Amino acid sequence: MTAPGEAARHRPARRPTIKDIARRAGVSESAVSFALNDRPGVSRDTRARVRRVAEELGWQANSAARALSGERAGALGLVLARPAQTLGVESFFLQLVSGIQEVLSARNIALLFQVVEDLDTECALYRRWWAERRVDGVLVVDPRTEDPRPELLTALGLPAVVIGGPPAPAAAGAHPDAAAPDAAAPDAPPPDAAAQPPLATVWADDAKAMARILDHLYGLGHRRIVHVAGLPGLAHTERRIRSLRTEAARRGLDERHVHSVTTDYSDAEGAEATRRLLDAARPPTAIIYDNDVMAVAGAAVAAGRGIPVPAALSIVAWDDSALCRVTHPRLTALVRDTPGFGRLAAQELLAVLDGGPHRTVQGELPHLEARESTGPASRD
């Protein structure tokens with residue numbers, strides 16, 4: 001049986017109220033309300049005393065009450081509609097969130113993060129957050145080629161920044177020499193951005209990044225190159241697929257030997273795709289994987305079959321991580337500032353909330369870090 005004193009120690013602490021502050025400060029509750037909401041009606045000394053007492057008691061404004069009074073909720077939302085099993089080992093979203101949090105914590109703004117099963121559930125969640133005034137705005141990830149979210153968020157009037165940008169068919173095959181500079185270009189929208197609902201956007205030039213990978217592999221003599229892509233229907237997946245096709249055609253490569261296959265981003269599907277490719281009559285001499293996890297899984301499949309990397313098979317990972325750097329051989333990878341991309345997205349959303357325009361901002365272009373997993377194509 002729990003002793004009375006022990007029960008008291010485990011009882012949740014009661015949150016301080018305006019009445020508690022008024023009693024401690026020796027003023028009326030209305031004076032406390034005026035002071036904490038920065039309204040006229042109390043003296044400077046009373047305002048300072050009330051705020052000092054509130055801080056001592058650890059008082060915080062109730063977010064629901066703030067929302068009902070027209071104030072901000074003090075939180076931004078981020079919803080991820082991805083298979084849950086793919087998130088535990090993929091570092092991209094952890095790095096993205098760390099960059100977002102760095103910006104929000106400086107403004108004492110919370111991040112409300114939720115993983116859902118599908119796009120319909122995500123849209124339903126936006127409607128509920130809007131109705132309950134739970135968030136002041138949302139960060140939208142994984143834009144689709146057919147995406148209902150921008151139109152929904154525009155109709156709701158819920159401020160948003162789309163991370164990844166809309167698909168850009170006209171730029172998908174652009175060669176690096178004709179593309180935008182490597183540095184961030186705030187006024188360089190994807191060519192079809194005007195066709196999208198008016199939401200702020202931060203985007204990365206996947207087409208140019210893919211072209212750089214092709215330049216590297218083609219220069220090493222590779223003519224059979226397969227891209228193990230992520231989820232079909234994602235705008236960045238489609239951009240990478242189109243870019244591979246365009247860059248291959250520009251170099252006169254046979255489309256039967258240079259193509260893409262889609263997966264769910266998991267190590268299991270990355271490994272299975274690798275097995276199928278290596279079982280082909282004329283297997284690829286180079287494979288590009290859309291994330292680090294699949295690249296490591298593919299390298300393990302090759303090692304299990306006695307296929308030396310890079311002597312018989314070159315491997316490139318789209319996203320660099322510690323996995324790519326500790327695997328033997330170390331994996332050639334695209335190195336990008338993912339936390340910086342998250343910071344950029346959070347800054348744009350806060351700027352919109354502060355009354356700024358809906359801009360389309362290009363993030364820094366990743367560079368290809370050539371390591372031991374890529375080498376001259378084998379002759380067969």
# chains A, B, ... in the order shown; residues from 1 in each chain; ligands from 1

call {"tool": "select_by_dssp", "arguments": {"residues": "segment 258-303 of chain A", "states": "strand (DSSP E or B)", "output": "mmCIF file with N, CA and C atoms, in the first residue's frame"}}
result
data_model
loop_
_atom_site.group_PDB
_atom_site.id
_atom_site.type_symbol
_atom_site.label_atom_id
_atom_site.label_comp_id
_atom_site.auth_asym_id
_atom_site.auth_seq_id
_atom_site.Cartn_x
_atom_site.Cartn_y
_atom_site.Cartn_z
ATOM 1 N N VAL A 258 20.054 1.305 -69.660
ATOM 2 C CA VAL A 258 20.071 2.435 -68.731
ATOM 3 C C VAL A 258 18.617 2.762 -68.410
ATOM 4 N N HIS A 259 18.173 2.392 -67.227
ATOM 5 C CA HIS A 259 16.767 2.580 -66.869
ATOM 6 C C HIS A 259 16.614 2.609 -65.359
ATOM 7 N N SER A 260 15.383 2.789 -64.889
ATOM 8 C CA SER A 260 15.096 2.874 -63.454
ATOM 9 C C SER A 260 14.109 1.793 -63.043
ATOM 10 N N VAL A 261 14.215 1.353 -61.786
ATOM 11 C CA VAL A 261 13.222 0.470 -61.170
ATOM 12 C C VAL A 261 12.833 1.118 -59.847
ATOM 13 N N THR A 262 11.558 1.019 -59.458
ATOM 14 C CA THR A 262 11.093 1.681 -58.243
ATOM 15 C C THR A 262 10.986 0.698 -57.073
ATOM 16 N N ALA A 286 26.972 -0.635 -63.268
ATOM 17 C CA ALA A 286 26.863 0.395 -62.232
ATOM 18 C C ALA A 286 25.407 0.505 -61.798
ATOM 19 N N ILE A 287 25.196 0.705 -60.489
ATOM 20 C CA ILE A 287 23.846 0.880 -59.953
ATOM 21 C C ILE A 287 23.823 2.135 -59.091
ATOM 22 N N ILE A 288 22.800 2.968 -59.318
ATOM 23 C CA ILE A 288 22.565 4.185 -58.527
ATOM 24 C C ILE A 288 21.378 3.907 -57.606
ATOM 25 N N TYR A 289 21.562 4.081 -56.313
ATOM 26 C CA TYR A 289 20.489 3.833 -55.353
ATOM 27 C C TYR A 289 19.971 5.168 -54.806
#

call {"tool": "closest_residue", "arguments": {"among": "A:Gly99, A:Pro310, A:Gly375, A:Gly137", "to": "Gly74 of chain A", "atoms": "only C-alpha atoms"}}
result
A:Gly137

call {"tool": "closest_residue", "arguments": {"among": "A:Pro143, A:Gly363, A:Pro150, A:Pro40", "to": "Leu231 of chain A", "atoms": "only C-alpha atoms"}}
result
A:Pro143

call {"tool": "closest_residue", "arguments": {"among": "A:Leu36, A:Arg250, A:Val228, A:Gly356", "to": "Gly298 of chain A", "atoms": "only C-alpha atoms"}}
result
A:Val228

call {"tool": "residues_around", "arguments": {"residues": "Asp206 of chain A", "least_positions_apart": "4", "cutoff": "9 Å", "atoms": "only C-alpha atoms", "output": "mmCIF file with all heavy atoms, in the first residue's frame"}}
result
data_model
loop_
_atom_site.group_PDB
_atom_site.id
_atom_site.type_symbol
_atom_site.label_atom_id
_atom_site.label_comp_id
_atom_site.auth_asym_id
_atom_site.auth_seq_id
_atom_site.Cartn_x
_atom_site.Cartn_y
_atom_site.Cartn_z
ATOM 1 N N ALA A 172 13.821 18.558 -66.434
ATOM 2 C CA ALA A 172 14.291 17.252 -66.002
ATOM 3 C C ALA A 172 15.527 16.797 -66.737
ATOM 4 O O ALA A 172 16.382 16.132 -66.190
ATOM 5 C CB ALA A 172 13.173 16.213 -66.174
ATOM 6 N N MET A 210 21.381 14.230 -60.814
ATOM 7 C CA MET A 210 21.453 12.979 -61.570
ATOM 8 C C MET A 210 22.428 13.113 -62.739
ATOM 9 O O MET A 210 23.196 12.183 -63.048
ATOM 10 C CB MET A 210 20.070 12.581 -62.075
ATOM 11 C CG MET A 210 20.047 11.306 -62.926
ATOM 12 S SD MET A 210 20.575 9.826 -62.020
ATOM 13 C CE MET A 210 19.039 9.402 -61.177
ATOM 14 N N ALA A 211 22.408 14.253 -63.386
ATOM 15 C CA ALA A 211 23.322 14.461 -64.506
ATOM 16 C C ALA A 211 24.782 14.376 -64.050
ATOM 17 O O ALA A 211 25.641 13.856 -64.775
ATOM 18 C CB ALA A 211 23.057 15.815 -65.154
ATOM 19 N N HIS A 236 10.070 13.966 -56.765
ATOM 20 C CA HIS A 236 11.519 13.886 -56.952
ATOM 21 C C HIS A 236 11.928 12.553 -57.575
ATOM 22 O O HIS A 236 12.899 12.491 -58.328
ATOM 23 C CB HIS A 236 12.258 14.127 -55.632
ATOM 24 C CG HIS A 236 12.071 13.077 -54.596
ATOM 25 N ND1 HIS A 236 11.148 13.180 -53.581
ATOM 26 C CD2 HIS A 236 12.697 11.886 -54.401
ATOM 27 C CE1 HIS A 236 11.213 12.119 -52.813
ATOM 28 N NE2 HIS A 236 12.138 11.309 -53.289
ATOM 29 N N THR A 237 11.175 11.478 -57.304
ATOM 30 C CA THR A 237 11.458 10.194 -57.963
ATOM 31 C C THR A 237 11.282 10.326 -59.464
ATOM 32 O O THR A 237 12.128 9.882 -60.259
ATOM 33 C CB THR A 237 10.545 9.083 -57.427
ATOM 34 O OG1 THR A 237 10.762 8.930 -56.022
ATOM 35 C CG2 THR A 237 10.819 7.756 -58.121
ATOM 36 N N ARG A 239 11.355 13.050 -61.255
ATOM 37 C CA ARG A 239 12.379 13.932 -61.837
ATOM 38 C C ARG A 239 13.675 13.176 -62.088
ATOM 39 O O ARG A 239 14.325 13.343 -63.117
ATOM 40 C CB ARG A 239 12.641 15.122 -60.899
ATOM 41 C CG ARG A 239 11.604 16.218 -60.960
ATOM 42 C CD ARG A 239 12.136 17.514 -60.361
ATOM 43 N NE ARG A 239 12.500 17.371 -58.964
ATOM 44 C CZ ARG A 239 11.684 17.638 -57.943
ATOM 45 N NH1 ARG A 239 10.449 18.028 -58.177
ATOM 46 N NH2 ARG A 239 12.099 17.515 -56.701
ATOM 47 N N ARG A 240 14.069 12.342 -61.123
ATOM 48 C CA ARG A 240 15.315 11.587 -61.277
ATOM 49 C C ARG A 240 15.201 10.576 -62.408
ATOM 50 O O ARG A 240 16.147 10.389 -63.182
ATOM 51 C CB ARG A 240 15.654 10.892 -59.960
ATOM 52 C CG ARG A 240 15.959 11.845 -58.830
ATOM 53 C CD ARG A 240 16.113 11.129 -57.496
ATOM 54 N NE ARG A 240 16.158 12.074 -56.384
ATOM 55 C CZ ARG A 240 16.278 11.737 -55.114
ATOM 56 N NH1 ARG A 240 16.381 10.452 -54.775
ATOM 57 N NH2 ARG A 240 16.299 12.656 -54.168
ATOM 58 N N SER A 243 15.365 12.454 -65.672
ATOM 59 C CA SER A 243 16.708 12.955 -65.925
ATOM 60 C C SER A 243 17.632 11.835 -66.392
ATOM 61 O O SER A 243 18.438 12.026 -67.313
ATOM 62 C CB SER A 243 17.266 13.613 -64.660
ATOM 63 O OG SER A 243 18.573 14.088 -64.893
ATOM 64 N N LEU A 365 22.954 22.825 -54.318
ATOM 65 C CA LEU A 365 23.105 21.607 -55.108
ATOM 66 C C LEU A 365 24.118 20.681 -54.444
ATOM 67 O O LEU A 365 25.196 21.117 -54.052
ATOM 68 C CB LEU A 365 23.569 21.944 -56.522
ATOM 69 C CG LEU A 365 23.671 20.758 -57.487
ATOM 70 C CD1 LEU A 365 22.287 20.300 -57.905
ATOM 71 C CD2 LEU A 365 24.511 21.116 -58.706
#

call {"tool": "residues_around", "arguments": {"residues": "Asp354 of chain A", "least_positions_apart": "3", "cutoff": "12 Å", "atoms": "only C-alpha atoms", "output": "JSON, numbers by chain"}}
result
{"A": [72, 136, 137, 159, 347, 348, 349, 350, 351, 357, 358]}

call {"tool": "write_last_selection", "arguments": {"atoms": "N, CA, C and O atoms", "output": "mmCIF file, in the first residue's frame"}}
result
data_model
loop_
_atom_site.group_PDB
_atom_site.id
_atom_site.type_symbol
_atom_site.label_atom_id
_atom_site.label_comp_id
_atom_site.auth_asym_id
_atom_site.auth_seq_id
_atom_site.Cartn_x
_atom_site.Cartn_y
_atom_site.Cartn_z
ATOM 1 N N ARG A 72 -1.507 33.025 -32.098
ATOM 2 C CA ARG A 72 -0.909 31.844 -32.719
ATOM 3 C C ARG A 72 -0.879 30.671 -31.758
ATOM 4 O O ARG A 72 -0.826 30.844 -30.541
ATOM 5 N N ASP A 136 0.074 26.646 -36.590
ATOM 6 C CA ASP A 136 0.019 27.905 -37.338
ATOM 7 C C ASP A 136 0.320 27.706 -38.817
ATOM 8 O O ASP A 136 -0.021 28.554 -39.644
ATOM 9 N N GLY A 137 0.975 26.608 -39.158
ATOM 10 C CA GLY A 137 1.329 26.309 -40.532
ATOM 11 C C GLY A 137 1.916 24.915 -40.601
ATOM 12 O O GLY A 137 2.157 24.281 -39.561
ATOM 13 N N PRO A 159 -1.178 28.251 -43.786
ATOM 14 C CA PRO A 159 0.135 28.532 -44.380
ATOM 15 C C PRO A 159 0.981 27.269 -44.484
ATOM 16 O O PRO A 159 0.957 26.417 -43.594
ATOM 17 N N GLN A 347 12.658 28.488 -42.117
ATOM 18 C CA GLN A 347 12.785 29.938 -42.233
ATOM 19 C C GLN A 347 11.764 30.511 -43.197
ATOM 20 O O GLN A 347 11.173 31.573 -42.945
ATOM 21 N N GLU A 348 11.523 29.805 -44.302
ATOM 22 C CA GLU A 348 10.543 30.288 -45.277
ATOM 23 C C GLU A 348 9.137 30.282 -44.685
ATOM 24 O O GLU A 348 8.353 31.203 -44.907
ATOM 25 N N LEU A 349 8.797 29.229 -43.925
ATOM 26 C CA LEU A 349 7.457 29.168 -43.340
ATOM 27 C C LEU A 349 7.282 30.259 -42.285
ATOM 28 O O LEU A 349 6.229 30.911 -42.227
ATOM 29 N N LEU A 350 8.288 30.483 -41.458
ATOM 30 C CA LEU A 350 8.192 31.557 -40.473
ATOM 31 C C LEU A 350 8.078 32.917 -41.150
ATOM 32 O O LEU A 350 7.357 33.797 -40.663
ATOM 33 N N ALA A 351 8.766 33.082 -42.280
ATOM 34 C CA ALA A 351 8.671 34.343 -43.021
ATOM 35 C C ALA A 351 7.253 34.554 -43.546
ATOM 36 O O ALA A 351 6.720 35.668 -43.518
ATOM 37 N N PRO A 357 6.177 37.187 -48.529
ATOM 38 C CA PRO A 357 5.606 36.591 -49.749
ATOM 39 C C PRO A 357 5.848 35.087 -49.812
ATOM 40 O O PRO A 357 6.720 34.557 -49.121
ATOM 41 N N HIS A 358 5.079 34.421 -50.652
ATOM 42 C CA HIS A 358 5.275 32.989 -50.898
ATOM 43 C C HIS A 358 6.355 32.836 -51.961
ATOM 44 O O HIS A 358 6.098 32.993 -53.150
#

call {"tool": "residues_around", "arguments": {"residues": "Glu56 of chain A", "least_positions_apart": "3", "cutoff": "12 Å", "atoms": "only C-alpha atoms", "output": "list in words"}}
result
Pro16, Asp20, Ile21, Arg24, Ala25, Arg49, Val50, Arg51, Arg52, Val53, Trp59 and Gln60 of chain A

call {"tool": "atom_distance", "arguments": {"atom1": "atom CA of Ala268 of chain A", "atom2": "atom CA of Ala297 of chain A"}}
result
7.5 Å

call {"tool": "residues_around", "arguments": {"residues": "Val141 of chain A", "least_positions_apart": "4", "cutoff": "8 Å", "atoms": "only C-alpha atoms", "output": "short mmCIF file (atom, residue, chain, number, x, y, z; two decimals) with N, CA, C and O atoms, in the first residue's frame"}}
result
data_model
loop_
_atom_site.label_atom_id
_atom_site.label_comp_id
_atom_site.auth_asym_id
_atom_site.auth_seq_id
_atom_site.Cartn_x
_atom_site.Cartn_y
_atom_site.Cartn_z
N LEU A 78 4.22 18.78 -39.20
CA LEU A 78 4.94 18.02 -40.23
C LEU A 78 4.36 16.61 -40.23
O LEU A 78 4.40 15.92 -39.21
N VAL A 79 3.78 16.21 -41.36
CA VAL A 79 3.17 14.89 -41.50
C VAL A 79 3.95 14.10 -42.53
O VAL A 79 4.29 14.62 -43.60
N LEU A 80 4.19 12.85 -42.22
CA LEU A 80 4.94 11.98 -43.13
C LEU A 80 4.08 10.77 -43.47
O LEU A 80 3.74 9.98 -42.60
N VAL A 162 6.15 23.80 -49.17
CA VAL A 162 6.35 22.49 -49.78
C VAL A 162 7.84 22.24 -49.89
O VAL A 162 8.57 23.01 -50.51
N ILE A 163 8.30 21.15 -49.26
CA ILE A 163 9.72 20.80 -49.28
C ILE A 163 9.96 19.79 -50.40
O ILE A 163 9.44 18.69 -50.38
N GLY A 164 10.72 20.19 -51.39
CA GLY A 164 10.98 19.32 -52.53
C GLY A 164 10.48 19.91 -53.82
O GLY A 164 11.00 19.61 -54.89
#

call {"tool": "residues_around", "arguments": {"residues": "Val309 of chain A", "least_positions_apart": "2", "cutoff": "8 Å", "atoms": "only C-alpha atoms", "output": "PyMOL selection string"}}
result
chain A and resi 299+302-303+307+311-315+329+373-374

call {"tool": "closest_residue", "arguments": {"among": "A:Val202, A:Ala300, A:Ala81, A:Val97", "to": "Thr121 of chain A", "atoms": "only C-alpha atoms"}}
result
A:Ala81

call {"tool": "atom_distance", "arguments": {"atom1": "atom CA of Trp318 of chain A", "atom2": "atom CA of Asp292 of chain A"}}
result
6.6 Å

call {"tool": "atom_distance", "arguments": {"atom1": "atom CA of Arg343 of chain A", "atom2": "atom CA of Ile100 of chain A"}}
result
4.9 Å
